[in-house]
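Q: Structure file run29.tsv, TSV, C-alpha atoms and all ligand atoms, is pasted below:
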```
chain	number	residue	atom	x	y	z
A	460	MET	CA	-13.93	20.47	-16.32
A	461	SER	CA	-10.42	19.25	-17.05
A	462	ASN	CA	-9.02	20.59	-20.30
A	463	ARG	CA	-6.95	17.45	-20.79
A	464	GLN	CA	-8.03	14.88	-23.36
A	465	PHE	CA	-10.47	12.24	-22.15
A	466	ASP	CA	-9.45	8.69	-23.12
A	467	PRO	CA	-12.28	6.09	-22.85
A	468	SER	CA	-9.78	3.20	-23.11
A	469	LEU	CA	-8.64	4.09	-19.56
A	470	ILE	CA	-12.10	3.39	-18.16
A	471	ALA	CA	-13.28	0.07	-16.70
A	472	VAL	CA	-16.93	-0.46	-15.76
A	473	ARG	CA	-18.39	-3.05	-13.43
A	474	GLN	CA	-21.98	-3.52	-12.27
A	475	CYS	CA	-22.17	-3.73	-8.47
A	476	GLY	CA	-25.75	-4.36	-7.39
A	477	PRO	CA	-27.86	-1.29	-8.25
A	478	LYS	CA	-24.76	0.86	-8.85
A	479	VAL	CA	-21.99	0.87	-11.40
A	480	LEU	CA	-18.36	1.06	-10.35
A	481	VAL	CA	-16.32	3.12	-12.83
A	482	MET	CA	-12.58	2.85	-12.44
A	483	ASP	CA	-9.55	4.44	-14.10
A	484	LYS	CA	-7.28	1.56	-15.09
A	485	VAL	CA	-4.11	3.60	-14.68
A	486	THR	CA	-4.65	5.47	-11.43
A	487	GLY	CA	-7.10	3.09	-9.74
A	488	ARG	CA	-9.32	6.10	-8.96
A	489	SER	CA	-12.97	5.09	-8.90
A	490	VAL	CA	-16.50	6.45	-8.53
A	491	TYR	CA	-19.92	4.88	-8.25
A	492	VAL	CA	-22.65	6.06	-10.58
A	493	PRO	CA	-26.33	5.07	-10.50
A	494	GLY	CA	-27.18	1.96	-12.54
A	495	SER	CA	-29.41	4.13	-14.76
A	496	LYS	CA	-26.24	5.70	-16.23
A	497	LYS	CA	-24.82	2.41	-17.46
A	498	ARG	CA	-26.37	3.00	-20.87
A	499	HIS	CA	-24.59	6.34	-21.15
A	500	LEU	CA	-21.29	4.76	-20.15
A	501	SER	CA	-21.63	2.36	-23.06
A	502	LEU	CA	-21.62	5.42	-25.36
A	503	LEU	CA	-18.13	6.45	-24.27
A	504	HIS	CA	-16.53	4.55	-27.12
A	505	GLU	CA	-18.87	5.97	-29.76
A	506	SER	CA	-17.72	8.87	-31.90
A	507	GLY	CA	-20.07	11.85	-31.62
A	508	SER	CA	-20.95	11.82	-35.33
A	509	GLY	CA	-23.07	8.64	-35.23
A	510	LEU	CA	-25.11	9.69	-32.19
A	511	THR	CA	-28.42	11.47	-31.90
A	512	PRO	CA	-28.16	14.95	-30.29
A	513	GLU	CA	-29.70	13.52	-27.07
A	514	ALA	CA	-27.25	10.59	-26.92
A	515	LYS	CA	-24.33	12.90	-27.68
A	516	ALA	CA	-25.39	15.27	-24.88
A	517	ALA	CA	-25.70	12.31	-22.45
A	518	ARG	CA	-22.29	10.99	-23.48
A	519	ASP	CA	-20.67	14.44	-23.12
A	520	LEU	CA	-22.20	14.83	-19.68
A	521	VAL	CA	-20.74	11.49	-18.53
A	522	ILE	CA	-17.33	12.44	-19.95
A	523	ARG	CA	-17.49	15.75	-18.10
A	524	GLU	CA	-18.47	14.09	-14.82
A	525	LEU	CA	-15.75	11.45	-15.08
A	526	SER	CA	-13.10	14.00	-16.09
A	527	ASP	CA	-14.07	16.23	-13.18
A	528	SER	CA	-13.57	13.24	-10.87
A	529	GLY	CA	-10.11	12.71	-12.37
A	530	LEU	CA	-10.98	9.56	-14.32
A	531	GLY	CA	-9.98	8.82	-17.89
A	532	ILE	CA	-7.49	11.62	-18.29
A	533	LEU	CA	-3.81	10.91	-18.64
A	534	SER	CA	-2.19	12.81	-15.82
A	535	GLN	CA	1.07	14.62	-16.17
A	536	PRO	CA	3.93	12.88	-14.38
A	537	ARG	CA	3.44	14.00	-10.78
A	538	PHE	CA	7.10	14.27	-9.94
A	539	GLN	CA	9.79	15.60	-12.19
A	540	THR	CA	12.66	14.86	-9.84
A	541	LEU	CA	13.69	12.13	-7.44
A	542	ASN	CA	11.86	12.39	-4.13
A	543	THR	CA	11.93	8.83	-2.72
A	544	LEU	CA	14.68	6.33	-1.97
A	545	ILE	CA	13.68	2.77	-1.08
A	546	LEU	CA	16.42	0.87	0.73
A	547	LYS	CA	15.95	-2.87	0.87
A	548	LEU	CA	18.12	-3.33	3.92
A	549	THR	CA	17.88	-7.10	4.02
A	550	ALA	CA	16.29	-10.02	2.22
A	551	SER	CA	16.21	-11.93	5.52
A	552	CYS	CA	13.26	-12.24	7.88
A	553	ASN	CA	12.60	-13.92	11.22
A	554	TYR	CA	9.11	-14.86	9.97
A	555	SER	CA	8.15	-17.33	7.31
A	556	CYS	CA	4.81	-16.16	5.93
A	557	SER	CA	3.31	-18.69	3.52
A	558	TYR	CA	2.87	-16.13	0.71
A	559	CYS	CA	6.10	-14.15	1.18
A	560	TYR	CA	7.21	-12.81	-2.21
A	561	ASP	CA	10.68	-12.33	-0.81
A	562	PHE	CA	11.35	-16.00	-0.15
A	563	THR	CA	14.31	-17.40	-2.08
A	564	GLY	CA	14.84	-20.74	-0.34
A	565	SER	CA	18.35	-19.69	0.63
A	566	ASN	CA	19.33	-19.68	4.31
A	567	GLU	CA	22.00	-17.12	3.62
A	568	GLN	CA	21.55	-13.92	5.64
A	569	ARG	CA	21.69	-11.07	3.16
A	570	TYR	CA	22.08	-7.42	4.17
A	571	MET	CA	22.69	-4.25	2.23
A	572	ASP	CA	26.28	-3.13	2.41
A	573	THR	CA	26.62	-0.01	4.59
A	574	HIS	CA	28.67	1.84	1.96
A	575	VAL	CA	26.09	1.10	-0.72
A	576	ALA	CA	23.29	2.42	1.52
A	577	LEU	CA	25.14	5.60	2.48
A	578	ASP	CA	26.27	6.20	-1.11
A	579	ALA	CA	22.71	5.83	-2.42
A	580	LEU	CA	21.55	8.24	0.26
A	581	ARG	CA	24.24	10.81	-0.56
A	582	GLN	CA	23.51	10.67	-4.29
A	583	SER	CA	19.76	10.89	-3.73
A	584	LEU	CA	20.15	13.93	-1.50
A	585	GLU	CA	22.34	15.58	-4.13
A	586	ILE	CA	19.77	15.23	-6.90
A	587	CYS	CA	16.48	15.47	-5.00
A	588	ASP	CA	14.55	18.70	-5.18
A	589	GLY	CA	14.64	19.90	-1.60
A	590	HIS	CA	12.87	16.93	-0.04
A	591	LEU	CA	13.74	13.23	0.23
A	592	GLN	CA	11.70	10.41	1.68
A	593	VAL	CA	13.68	7.30	2.66
A	594	ILE	CA	11.79	4.00	3.01
A	595	PHE	CA	13.29	1.08	4.94
A	596	HIS	CA	12.24	-2.18	3.38
A	597	GLY	CA	13.06	-5.87	3.78
A	598	GLY	CA	12.68	-8.79	4.67
A	599	GLU	CA	12.45	-7.43	8.17
A	600	PRO	CA	14.27	-4.07	8.44
A	601	PHE	CA	14.69	-4.27	12.23
A	602	LEU	CA	17.13	-7.15	11.64
A	603	ALA	CA	19.36	-4.37	10.31
A	604	PHE	CA	18.69	-1.86	13.06
A	605	GLU	CA	22.33	-0.75	13.40
A	606	LEU	CA	22.33	0.04	9.68
A	607	ILE	CA	19.12	2.08	10.15
A	608	ARG	CA	20.84	4.02	12.90
A	609	ARG	CA	23.79	4.83	10.60
A	610	ILE	CA	21.54	5.82	7.70
A	611	VAL	CA	19.35	8.12	9.82
A	612	SER	CA	22.25	9.89	11.45
A	613	TYR	CA	24.16	10.29	8.14
A	614	GLY	CA	21.02	11.33	6.26
A	615	LYS	CA	20.05	14.00	8.78
A	616	GLU	CA	23.55	15.41	8.81
A	617	MET	CA	23.79	15.48	4.99
A	618	ALA	CA	20.30	16.93	4.56
A	619	SER	CA	20.93	19.68	7.06
A	620	ALA	CA	24.24	20.61	5.40
A	621	ALA	CA	22.49	20.75	2.01
A	622	GLY	CA	19.50	22.72	3.35
A	623	LYS	CA	17.11	19.90	2.35
A	624	LYS	CA	14.41	18.01	4.22
A	625	ILE	CA	14.62	14.28	4.85
A	626	MET	CA	11.95	11.90	6.23
A	627	PHE	CA	12.23	8.25	7.14
A	628	ASN	CA	9.62	5.51	7.18
A	629	GLY	CA	9.49	1.75	6.80
A	630	GLN	CA	7.54	-1.48	6.96
A	631	THR	CA	8.00	-4.00	9.78
A	632	ASN	CA	6.40	-7.09	11.31
A	633	LEU	CA	6.86	-5.48	14.80
A	634	SER	CA	8.33	-8.65	16.30
A	635	LEU	CA	11.87	-7.37	16.92
A	636	LEU	CA	11.14	-4.08	18.67
A	637	THR	CA	13.32	-3.15	21.62
A	638	ASP	CA	13.21	-0.18	23.99
A	639	ASP	CA	16.21	1.16	22.10
A	640	SER	CA	14.78	0.81	18.57
A	641	VAL	CA	11.41	2.22	19.63
A	642	SER	CA	12.86	5.30	21.31
A	643	PHE	CA	15.27	5.83	18.40
A	644	SER	CA	12.33	5.70	15.97
A	645	GLU	CA	10.29	8.11	18.08
A	646	ASP	CA	13.20	10.51	18.61
A	647	ASN	CA	13.88	10.61	14.87
A	648	ASN	CA	10.26	10.70	13.69
A	649	ILE	CA	10.55	7.46	11.72
A	650	PHE	CA	7.05	6.51	10.64
A	651	TRP	CA	6.58	2.73	10.61
A	652	GLY	CA	3.85	0.68	9.04
A	653	PHE	CA	3.29	-2.87	10.24
A	654	SER	CA	2.01	-5.92	8.40
A	655	LEU	CA	-1.07	-7.70	9.71
A	656	ASP	CA	-3.80	-9.48	7.75
A	657	GLY	CA	-6.70	-9.08	10.19
A	658	ASP	CA	-7.59	-10.71	13.50
A	659	ALA	CA	-5.86	-13.85	14.77
A	660	LEU	CA	-7.88	-16.19	12.56
A	661	LEU	CA	-7.31	-14.27	9.32
A	662	ASN	CA	-3.73	-13.30	10.07
A	663	ASP	CA	-2.46	-16.64	11.29
A	664	ALA	CA	-3.69	-18.50	8.21
A	665	SER	CA	-0.72	-17.10	6.28
A	666	ARG	CA	1.55	-15.07	8.50
A	667	LYS	CA	3.64	-17.57	10.39
A	668	THR	CA	6.87	-18.02	12.30
A	669	LYS	CA	9.56	-20.32	10.98
A	670	ASN	CA	8.16	-23.22	13.00
A	671	GLY	CA	4.71	-22.70	11.46
A	672	ALA	CA	3.01	-21.00	14.43
A	673	GLY	CA	0.69	-18.01	13.87
A	674	THR	CA	2.25	-14.57	14.42
A	675	HIS	CA	-0.76	-12.71	15.80
A	676	LYS	CA	0.32	-13.44	19.37
A	677	ARG	CA	3.63	-11.71	18.65
A	678	PHE	CA	1.71	-8.71	17.37
A	679	LEU	CA	-0.24	-8.58	20.64
A	680	ASP	CA	3.06	-8.79	22.54
A	681	ALA	CA	4.23	-5.66	20.68
A	682	VAL	CA	0.94	-3.89	21.47
A	683	ARG	CA	1.32	-4.78	25.14
A	684	LYS	CA	4.95	-3.67	25.36
A	685	PHE	CA	4.86	-0.62	23.10
A	686	PRO	CA	1.23	0.59	22.92
A	687	ARG	CA	2.05	4.19	22.04
A	688	PHE	CA	4.46	3.18	19.30
A	689	VAL	CA	2.03	0.71	17.67
A	690	LYS	CA	-0.78	3.29	17.66
A	691	GLN	CA	1.44	5.69	15.78
A	692	CYS	CA	1.93	3.12	13.01
A	693	GLY	CA	-0.22	2.43	9.98
A	694	VAL	CA	-1.26	-1.14	9.22
A	695	LYS	CA	-0.83	-2.84	5.86
A	696	ALA	CA	-2.69	-6.05	5.02
A	697	THR	CA	-2.02	-8.39	2.14
A	698	ILE	CA	-5.21	-9.41	0.36
A	699	THR	CA	-5.30	-13.12	-0.43
A	700	SER	CA	-7.90	-15.86	-0.88
A	701	VAL	CA	-8.05	-16.00	2.93
A	702	ASN	CA	-9.26	-12.44	3.61
A	703	HIS	CA	-10.60	-11.16	0.23
A	704	GLY	CA	-14.18	-11.38	1.50
A	705	SER	CA	-13.51	-9.86	4.92
A	706	LEU	CA	-12.64	-6.19	4.32
A	707	LEU	CA	-15.42	-4.93	6.58
A	708	GLU	CA	-14.44	-7.23	9.46
A	709	MET	CA	-10.80	-6.25	8.99
A	710	SER	CA	-11.63	-2.55	9.05
A	711	HIS	CA	-13.55	-3.03	12.32
A	712	TYR	CA	-10.65	-4.93	13.80
A	713	PHE	CA	-8.01	-2.38	12.74
A	714	ARG	CA	-10.20	0.43	13.99
A	715	SER	CA	-10.48	-1.28	17.37
A	716	LEU	CA	-6.67	-1.28	17.56
A	717	GLY	CA	-6.66	2.52	17.29
A	718	VAL	CA	-3.91	2.57	14.64
A	719	LYS	CA	-3.37	5.61	12.44
A	720	GLY	CA	-4.48	4.16	9.12
A	721	TRP	CA	-5.08	1.05	7.09
A	722	ASP	CA	-3.79	0.20	3.65
A	723	TRP	CA	-3.57	-3.04	1.71
A	724	SER	CA	-1.64	-4.57	-1.12
A	725	LEU	CA	-2.77	-7.40	-3.35
A	726	PHE	CA	-1.09	-10.79	-3.10
A	727	GLN	CA	1.70	-11.22	-5.63
A	728	ASP	CA	2.21	-14.57	-7.23
A	729	ALA	CA	5.95	-14.73	-6.44
A	730	GLY	CA	8.48	-16.24	-4.06
A	731	ARG	CA	6.97	-18.67	-1.57
A	732	GLY	CA	3.42	-17.76	-2.64
A	733	LYS	CA	4.00	-18.94	-6.19
A	734	CYS	CA	2.96	-22.54	-5.75
A	735	LYS	CA	0.20	-22.01	-3.18
A	736	PRO	CA	-3.45	-21.06	-3.69
A	737	PHE	CA	-3.42	-17.50	-2.36
A	738	ASN	CA	-4.86	-15.76	-5.38
A	739	TYR	CA	-7.74	-13.51	-4.36
A	740	ASP	CA	-10.96	-13.56	-6.36
A	741	ALA	CA	-11.65	-10.15	-7.95
A	742	GLY	CA	-15.45	-10.63	-7.73
A	743	ILE	CA	-15.37	-11.51	-4.03
A	744	LEU	CA	-12.98	-8.64	-3.36
A	745	CYS	CA	-15.23	-6.15	-5.21
A	746	ALA	CA	-18.30	-7.36	-3.28
A	747	SER	CA	-16.37	-7.07	-0.03
A	748	TRP	CA	-15.17	-3.58	-1.01
A	749	ASN	CA	-18.75	-2.53	-1.80
A	750	ASP	CA	-19.85	-3.80	1.57
A	751	LEU	CA	-17.17	-1.75	3.27
A	752	PHE	CA	-17.84	1.30	1.10
A	753	ASP	CA	-21.59	1.19	1.86
A	754	LYS	CA	-20.89	1.05	5.58
A	755	VAL	CA	-18.54	4.03	5.28
A	756	LEU	CA	-21.24	5.97	3.41
A	757	GLU	CA	-23.72	5.06	6.14
A	758	GLY	CA	-21.20	6.49	8.63
B	801	LIG	S1	7.08	-10.62	7.65
B	801	LIG	FE1	6.37	-12.29	6.34
B	801	LIG	S2	5.87	-11.32	4.37
B	801	LIG	FE2	7.16	-9.87	5.53
B	801	LIG	S3	9.26	-10.31	4.84
B	801	LIG	FE3	8.89	-11.54	6.67
B	801	LIG	S4	8.20	-13.53	5.90
B	801	LIG	FE4	8.00	-12.06	4.23
```
Show this structure as structure tokens.
A:
Amino acid sequence: MSNRQFDPSLIAVRQCGPKVLVMDKVTGRSVYVPGSKKRHLSLLHESGSGLTPEAKAARDLVIRELSDSGLGILSQPRFQTLNTLILKLTASCNYSCSYCYDFTGSNEQRYMDTHVALDALRQSLEICDGHLQVIFHGGEPFLAFELIRRIVSYGKEMASAAGKKIMFNGQTNLSLLTDDSVSFSEDNNIFWGFSLDGDALLNDASRKTKNGAGTHKRFLDAVRKFPRFVKQCGVKATITSVNHGSLLEMSHYFRSLGVKGWDWSLFQDAGRGKCKPFNYDAGILCASWNDLFDKVLEG
């Protein structure tokens, strides 16, 4: 059992069919417990003094089980030193997704200044503790491919001189890949994730080109031209009102693509998405997650 203090205010409880989902509000870590334990969970907020010996024992057992699963205990800060540098290389993108949080309405092409990028990299390498992860972000980072080339070559040189390790990764929509950028990424072990919200129907509802066409076809073009590269990537989906109930279908689809892994982020009410109805429904999302989770448990 963890010897750190258990804090019941960190715990959220939600009934999901016959089971109860218990979640840590800070870390997002979660476990399912049988519905029969819901009564014991309700004792978490009780002080031991007002409980019968049986109720106190049941409450202590639940606390021990949750603590052992890493829930309800304030963790120590995981990292004491800088280990990650996120470089937002550009605020521009060749796509125009309906929910894009990065949309400003300006047509101005905005890129990070090369000196700023290299300076940030130098300073980060100076203060990091032996290992630095650099993340290329946008907009669409491949619009700034020459800047990526400079950063990677400078970063590797600096890291090697300082005896430190450096890794590069980034997030892309895959639409601007060239033979050159793909082989550069492979040669330099840059790990890319790509954005896709599911199959053509789910994806194209929100992820669009500037003339309003769906972008799934462009994704398939990338798969056709650079199959090995795409399979080495992870996929990241944005969860919106369009796909919140389709996690299982999405997982099947992503699995059929043979990509390395699947992650998602929740829609943010910002930028272009601010005035449109993209907000996911937490109840539908939980039901969809349960569906997916049950299938995973079934194997
Ligand atoms: S791919 Fe879509 S969501 Fe990503 S930056 Fe471009 S417009 Fe925004």
Q: Could you give me, as a ChimeraX atom specification, every polymer residue with an atom at most 6 Å away from an atom of ligand LIG 801 (chain B), counting all atoms listed in the file?
A: /A:552,554-556,559,561,597-599,632,666
Q: I'd like the interatomic distance between CA of Thr511 (chain A) and CA of Asp527 (chain A), to a tenth of an Å.
A: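 Here the two named atoms are 24.1 Å from each other.
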Q: Measuring atom to atom with all atoms listed in the file, identify which of A:Tyr491, A:Phe604, A:Phe465, A:Tyr558 is nearest to Gly529 (chain A).
A: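 Of the candidates, the smallest distance to Gly529 (chain A) is held by A:Phe465.
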Q: Could you give me, as a PyMOL selection string, the residues that have an atom at most 12 Å away from the point (12.9, 1.2, 1.4) in the coordinates of the file, using all atoms listed in the file?
A: chain A and resi 543-550+571+576+579-580+592-600+607+610+626-631+651-652
Q: Determine the nearest neighbour of Gly704 (chain A) from the options A:Gly614, A:Gly494, A:Gly657, A:Pro477, counting only C-alpha atoms.
A: A:Gly657
Q: In Å, rounded to a single decimal, give me how far CA of Leu500 (chain A) is from CA of Trp748 (chain A).
A: 21.8 Å
Q: For CA of Asp750 (chain A) and CA of Gln691 (chain A), quote the distance in Å rounded to one decimal.
A: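 Between CA of Asp750 (chain A) and CA of Gln691 (chain A) the gap is 27.3 Å.
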Q: Determine, counting all atoms listed in the file, which protein, DNA and RNA residues have an atom within 8 Å of an atom of Leu502 (chain A); residues of the same chain fewer than 4 positions away are not included. Present the result as a count of residues only.
A: 3
Q: From the set A:Arg608, A:His574, A:Arg677, A:His590, which residue has the shortest atom-to-atom contact distance to Asp639 (chain A), counting only C-alpha atoms?
A: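 Checking each candidate against Asp639 (chain A), we get A:Arg608 as the closest.
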Q: Show me, as an MDAnalysis selection string, the residues that have an atom within 12 Å of Leu706 (chain A) when counting all atoms listed in the file, minus same-chain residues fewer than 5 positions from it.
A: chainID A and resid 656:658 661 696:701 711:714 721:723 743:755
Q: Which one of A:Glu513, A:Gly531, A:Ile649, A:Pro493 sits closest to Gly476 (chain A) if you count only C-alpha atoms?
A: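 The answer is A:Pro493, which sits nearest to Gly476 (chain A).
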Q: Taking N, CA and C atoms as the atom set, what does region 740-754 of chain A look like once completed, written as a PDB file, in the coordinates of the input?
A:
```pdb
ATOM      1  N   ASP A 740      -9.969 -13.556  -5.284  1.00  0.00           N
ATOM      2  CA  ASP A 740     -10.960 -13.560  -6.360  1.00  0.00           C
ATOM      3  C   ASP A 740     -11.475 -12.124  -6.522  1.00  0.00           C
ATOM      4  N   ALA A 741     -11.318 -11.561  -7.744  1.00  0.00           N
ATOM      5  CA  ALA A 741     -11.650 -10.150  -7.950  1.00  0.00           C
ATOM      6  C   ALA A 741     -13.131  -9.876  -7.649  1.00  0.00           C
ATOM      7  N   GLY A 742     -14.022 -10.827  -7.977  1.00  0.00           N
ATOM      8  CA  GLY A 742     -15.450 -10.630  -7.730  1.00  0.00           C
ATOM      9  C   GLY A 742     -15.746 -10.574  -6.240  1.00  0.00           C
ATOM     10  N   ILE A 743     -15.147 -11.501  -5.490  1.00  0.00           N
ATOM     11  CA  ILE A 743     -15.370 -11.510  -4.030  1.00  0.00           C
ATOM     12  C   ILE A 743     -14.785 -10.244  -3.415  1.00  0.00           C
ATOM     13  N   LEU A 744     -13.617  -9.848  -3.895  1.00  0.00           N
ATOM     14  CA  LEU A 744     -12.980  -8.640  -3.360  1.00  0.00           C
ATOM     15  C   LEU A 744     -13.830  -7.405  -3.634  1.00  0.00           C
ATOM     16  N   CYS A 745     -14.383  -7.304  -4.860  1.00  0.00           N
ATOM     17  CA  CYS A 745     -15.230  -6.150  -5.210  1.00  0.00           C
ATOM     18  C   CYS A 745     -16.483  -6.115  -4.317  1.00  0.00           C
ATOM     19  N   ALA A 746     -17.096  -7.305  -4.121  1.00  0.00           N
ATOM     20  CA  ALA A 746     -18.300  -7.360  -3.280  1.00  0.00           C
ATOM     21  C   ALA A 746     -17.953  -6.938  -1.845  1.00  0.00           C
ATOM     22  N   SER A 747     -16.812  -7.394  -1.392  1.00  0.00           N
ATOM     23  CA  SER A 747     -16.370  -7.070  -0.030  1.00  0.00           C
ATOM     24  C   SER A 747     -16.078  -5.572   0.085  1.00  0.00           C
ATOM     25  N   TRP A 748     -15.471  -5.023  -0.976  1.00  0.00           N
ATOM     26  CA  TRP A 748     -15.170  -3.580  -1.010  1.00  0.00           C
ATOM     27  C   TRP A 748     -16.467  -2.775  -0.995  1.00  0.00           C
ATOM     28  N   ASN A 749     -17.457  -3.219  -1.771  1.00  0.00           N
ATOM     29  CA  ASN A 749     -18.750  -2.530  -1.800  1.00  0.00           C
ATOM     30  C   ASN A 749     -19.390  -2.505  -0.419  1.00  0.00           C
ATOM     31  N   ASP A 750     -19.303  -3.662   0.230  1.00  0.00           N
ATOM     32  CA  ASP A 750     -19.850  -3.800   1.570  1.00  0.00           C
ATOM     33  C   ASP A 750     -19.222  -2.768   2.507  1.00  0.00           C
ATOM     34  N   LEU A 751     -17.909  -2.698   2.437  1.00  0.00           N
ATOM     35  CA  LEU A 751     -17.170  -1.750   3.270  1.00  0.00           C
ATOM     36  C   LEU A 751     -17.530  -0.315   2.895  1.00  0.00           C
ATOM     37  N   PHE A 752     -17.572  -0.050   1.595  1.00  0.00           N
ATOM     38  CA  PHE A 752     -17.840   1.300   1.100  1.00  0.00           C
ATOM     39  C   PHE A 752     -19.236   1.750   1.547  1.00  0.00           C
ATOM     40  N   ASP A 753     -20.218   0.832   1.440  1.00  0.00           N
ATOM     41  CA  ASP A 753     -21.590   1.190   1.860  1.00  0.00           C
ATOM     42  C   ASP A 753     -21.627   1.543   3.336  1.00  0.00           C
ATOM     43  N   LYS A 754     -20.886   0.780   4.143  1.00  0.00           N
ATOM     44  CA  LYS A 754     -20.890   1.050   5.580  1.00  0.00           C
ATOM     45  C   LYS A 754     -20.230   2.401   5.864  1.00  0.00           C
TER      46      LYS A 754
END
```
